[in-house]
Every structure is written in C-alpha cells, then in structure tokens.
Amino acid sequence: MDEAKIEDLGKKLTLAKKQPLNFAFAPGSGKNDGACQMDRKLPLNKLRQNVKKASGNNKTICGVANVSGKMLSLSCEEVPARPLVKGLKKFLIELKLKHKIQILDADGTVVIADDEDEAEATSTGGTPGVEAKADVPDDSLPSADGLEDLKQKFAVVSRQTKLVIEQSPEREKALSSALEAIEKLLDAGEADKVRAGMARLAAALKQQPGAKRSGTNGKAVSASVKKLLKLRSDIDTSYAQLLAALSKHSDARVRKIASDGYQKIFGGAGGVLSGADAELFGAVETWNASTAEARQAAEGDIKRCIEQLKTHLAGNEFIRLIENNPFGASLQISQPLNSVLSEIDSQIAA
C-alpha cells in the first residue's frame, strides 16, 4: 500500500472508535502487497472485490469493524481462518498500525481472540504465531499443582461470567456453553486448551453486550425492494413512450421538450428523482451486507432515504405535469412509488 492509503487506513481505524465501519482485508499474493479498506458507506461485497483485486488474493476477511483502545473487533458473518487473522495482525504491524484483533460471529460472540494466541504461545514457551518445537514429549501432562492452579482460575472466571449473565441475560446461552466446554477440557487435563479457552472467554466478557438483533423482516424488505425495482423499470418504459409521442408532435416546441427533457425518470442526479432513488438502493445494499449495530444504523439510513424520496415526490412540479400530460400518455409515478416506499418503511423495525 502506498503512503496515502496507509494514512487513510490509520484515519479510518481512529474513526472506528466512534462508529462502526465496513472492513475488508486480503493478504498479498505473488508480487502484490496485502490490501485493506474501511468505509462507512461502501458495502462489504464491494470492499471485498477491491482488496481481492489489489492483492491478487481471493482469501479475505470481511466484517464490521469497531476499535476500542488498541483492540480491533471484527464482526463477521463468515468466521475467517486463524492464519488469515494472524496475517492481518502482521500486516498492521508492518504498517506501524499495531492492533490486537478479535473476531466476533453474527451474534456478537468472540470466536477468535488475540489473547488466545498469546496464551498458546506462553504455554509452549514460544512467541505468538510460531509453532512449538516438536521436541516436547507427546506424553507430557500438567502436574497436579498446575491443574489445581487452573481450577482456581476457572472458578474466578466462572464467577465473572455469571455476573455478566445476570446483567445481560441474552448472552447466557453463548457464555454458559463456553464455560461448559472449558470445564470438560479441565476434567480431561487439557491444560493448554483450558488456558486458551479461558483467554477467549475473558476477552468475550470484556465486550459490551451485543446489540439486540434487528426485528426487521429481511425477506419482506427484499421482496418489496424487488417490487420497487420492477416499478422503476415500468416507469422508465412509460416515460420513454411519452418522449416518443412528444418527438413526433407537429409543434417544434413540443419536440424540443422531448429532445431536451430528462433522459430517464430514474436517471441518477440528472433524472427527475435527483438521485434520491440511487441513495435508497445504496442504503439497502449496505443494510444487506451489515450485521449487529451496523445493520440497525443502516435501517435508519433506509428510513431517512425513504422520507427524502417521498418529500421529493411531493414537491416536484415536473412529475405532476407529466403525470397529467395532454398527450394521451398514461404515466403514474408518485402514487405507486409512495405505496411501495410506505410498504418498505413499515417493514423496517422502529
């Protein structure tokens, strides 16, 4: 990455302390360097494509980024492989943007913790990301004293976990499952795995309770957006028919209206809707690619875009003129658009 991109990434990491940002990383492949992008508006699929192209690597980490201190938390729909996470950490260190990293699943549960690698390294006498040497006997077992020490630490973690569950009952299932898994490892004498599990659980306990899942019916919204896309196509066709009729009119002034009018009803910034529809579709795309708090923020953007588009429809004189044109061309814009916009708005959870 060049200096400008490194500087931008540093600024985005700082911004992620205040608000969630979409995030994508791909390690370098061949002669290409690794690539990393963060953005508030660009959807994850676009960021993924960007870093794949820049790095020449199809392996990526994609998610929603939050930063607290030097901890970079990534909420991912698809949990990345551990070597990719280590590759990201190394990448940031090389750019002098050193951060600890933890990966959360869609429910907000920590599934990969930076502290886990450190715990594993400590238990084997190595360094993070370096495999232990093979000269350790396969039958080496922790001493009784070592297990007793782990049991005492586990008792402390158990009490801390129960306190968090009392404050955040919605996390009971995930945290209790983690405790049970560690207890089974402890009973089996798997000291290294117990240490790693407790490190992972400790990192999870430090996290703020995850945002409640959105109550929005995603399938219903998607169906309504498809209706909006179909309506968009139908209005385009009707408008083209109107322009064709105007272009054949005997009055040269009317023909000029046809040639100099708006290119399309949905013509972006140059169209009748002044790009408001494009902003709405962009908000929906971001919502589709988001999770947790970022998804709820995207829902707020959708509602804002709907209100903006409705206001535009209500105040646009040109739309009223072409809807009530004297040329025999039937063209309805405001009523059908308002109808489907209200439908989408009612489906977004308050």
# chains A, B, ... in the order shown; residues from 1 in each chain; ligands from 1
$ residues_around --residues "His312 of chain A" --least-positions-apart "5" --cutoff "12 Å" --atoms "only C-alpha atoms" --output "JSON, numbers by chain"
{"A": [272, 273, 274, 275, 276, 277, 305, 306, 307, 317, 318, 319, 320, 333, 334, 337, 338]}
$ residues_around --residues "Ala35 of chain A" --least-positions-apart "5" --cutoff "9 Å" --atoms "only C-alpha atoms" --output "list in words"
Met1, Ala24, Phe25, Ala26, Pro27, Gly28, Asn50, Val51, Lys52, Lys53, Ala54, Ser55 and Phe91 of chain A
$ closest_residue --among "A:Lys41, A:Lys151, A:Arg200, A:Arg255" --to "Val64 of chain A" --atoms "only C-alpha atoms"
A:Lys41
$ atom_distance --atom1 "atom CA of Leu104 of chain A" --atom2 "atom CA of Met38 of chain A"
17.2 Å
$ residues_around --residues "segment 74-83 of chain A" --least-positions-apart "6" --cutoff "7 Å" --atoms "only C-alpha atoms" --output "ChimeraX atom specification"
/A:61-66,102-106,108
$ write_last_selection --atoms "N, CA and C atoms" --output "compact mmCIF listing (two decimals), in the first residue's frame"
# COMPACT_ATOMS: atom_id res chain seq x y z
N ILE A 61 -10.78 -11.32 4.72
CA ILE A 61 -11.54 -11.14 5.97
C ILE A 61 -12.48 -9.97 5.73
N CYS A 62 -13.77 -10.18 5.90
CA CYS A 62 -14.75 -9.11 5.72
C CYS A 62 -15.66 -9.04 6.93
N GLY A 63 -15.94 -7.83 7.38
CA GLY A 63 -16.82 -7.67 8.52
C GLY A 63 -17.04 -6.22 8.86
N VAL A 64 -17.64 -6.01 10.01
CA VAL A 64 -17.88 -4.66 10.52
C VAL A 64 -16.89 -4.40 11.64
N ALA A 65 -16.14 -3.31 11.52
CA ALA A 65 -15.03 -3.02 12.44
C ALA A 65 -15.43 -2.02 13.51
N ASN A 66 -14.99 -2.32 14.74
CA ASN A 66 -15.07 -1.38 15.86
C ASN A 66 -13.71 -1.39 16.54
N GLN A 102 -9.68 -9.25 17.47
CA GLN A 102 -10.58 -10.33 17.85
C GLN A 102 -11.72 -10.40 16.83
N ILE A 103 -12.17 -11.61 16.58
CA ILE A 103 -13.22 -11.88 15.61
C ILE A 103 -14.49 -12.28 16.35
N LEU A 104 -15.60 -11.62 16.02
CA LEU A 104 -16.90 -11.93 16.61
C LEU A 104 -17.81 -12.51 15.53
N ASP A 105 -18.66 -13.47 15.92
CA ASP A 105 -19.61 -14.00 14.96
C ASP A 105 -20.83 -13.08 14.87
N ALA A 106 -21.84 -13.47 14.10
CA ALA A 106 -23.01 -12.62 13.88
C ALA A 106 -23.78 -12.34 15.15
N GLY A 108 -22.34 -11.69 18.02
CA GLY A 108 -21.53 -10.86 18.90
C GLY A 108 -20.65 -11.66 19.84
$ closest_residue --among "A:Leu242, A:Ile344, A:Met71, A:Ala258" --to "Val225 of chain A" --atoms "only C-alpha atoms"
A:Ile344
$ residues_around --residues "Lys17 of chain A" --least-positions-apart "3" --cutoff "9 Å" --atoms "only C-alpha atoms" --output "ChimeraX atom specification"
/A:12-14,20,66-69
$ atom_distance --atom1 "atom CA of Leu147 of chain A" --atom2 "atom CA of Gln160 of chain A"
19.9 Å
$ closest_residue --among "A:Asp301, A:Glu279, A:Phe327, A:Ala314" --to "His249 of chain A" --atoms "only C-alpha atoms"
A:Phe327
$ closest_residue --among "A:Ser339, A:Asn57, A:Asn22, A:Asn288" --to "Ser222 of chain A" --atoms "only C-alpha atoms"
A:Asn288
$ atom_distance --atom1 "atom CA of Leu15 of chain A" --atom2 "atom CA of Trp287 of chain A"
19.8 Å
$ select_by_dssp --residues "segment 133-347 of chain A" --states "alpha helix (DSSP H)" --output "ChimeraX atom specification"
/A:144-167,172-187,191-206,218-247,252-260,276-288,292-315,317-323,334-347
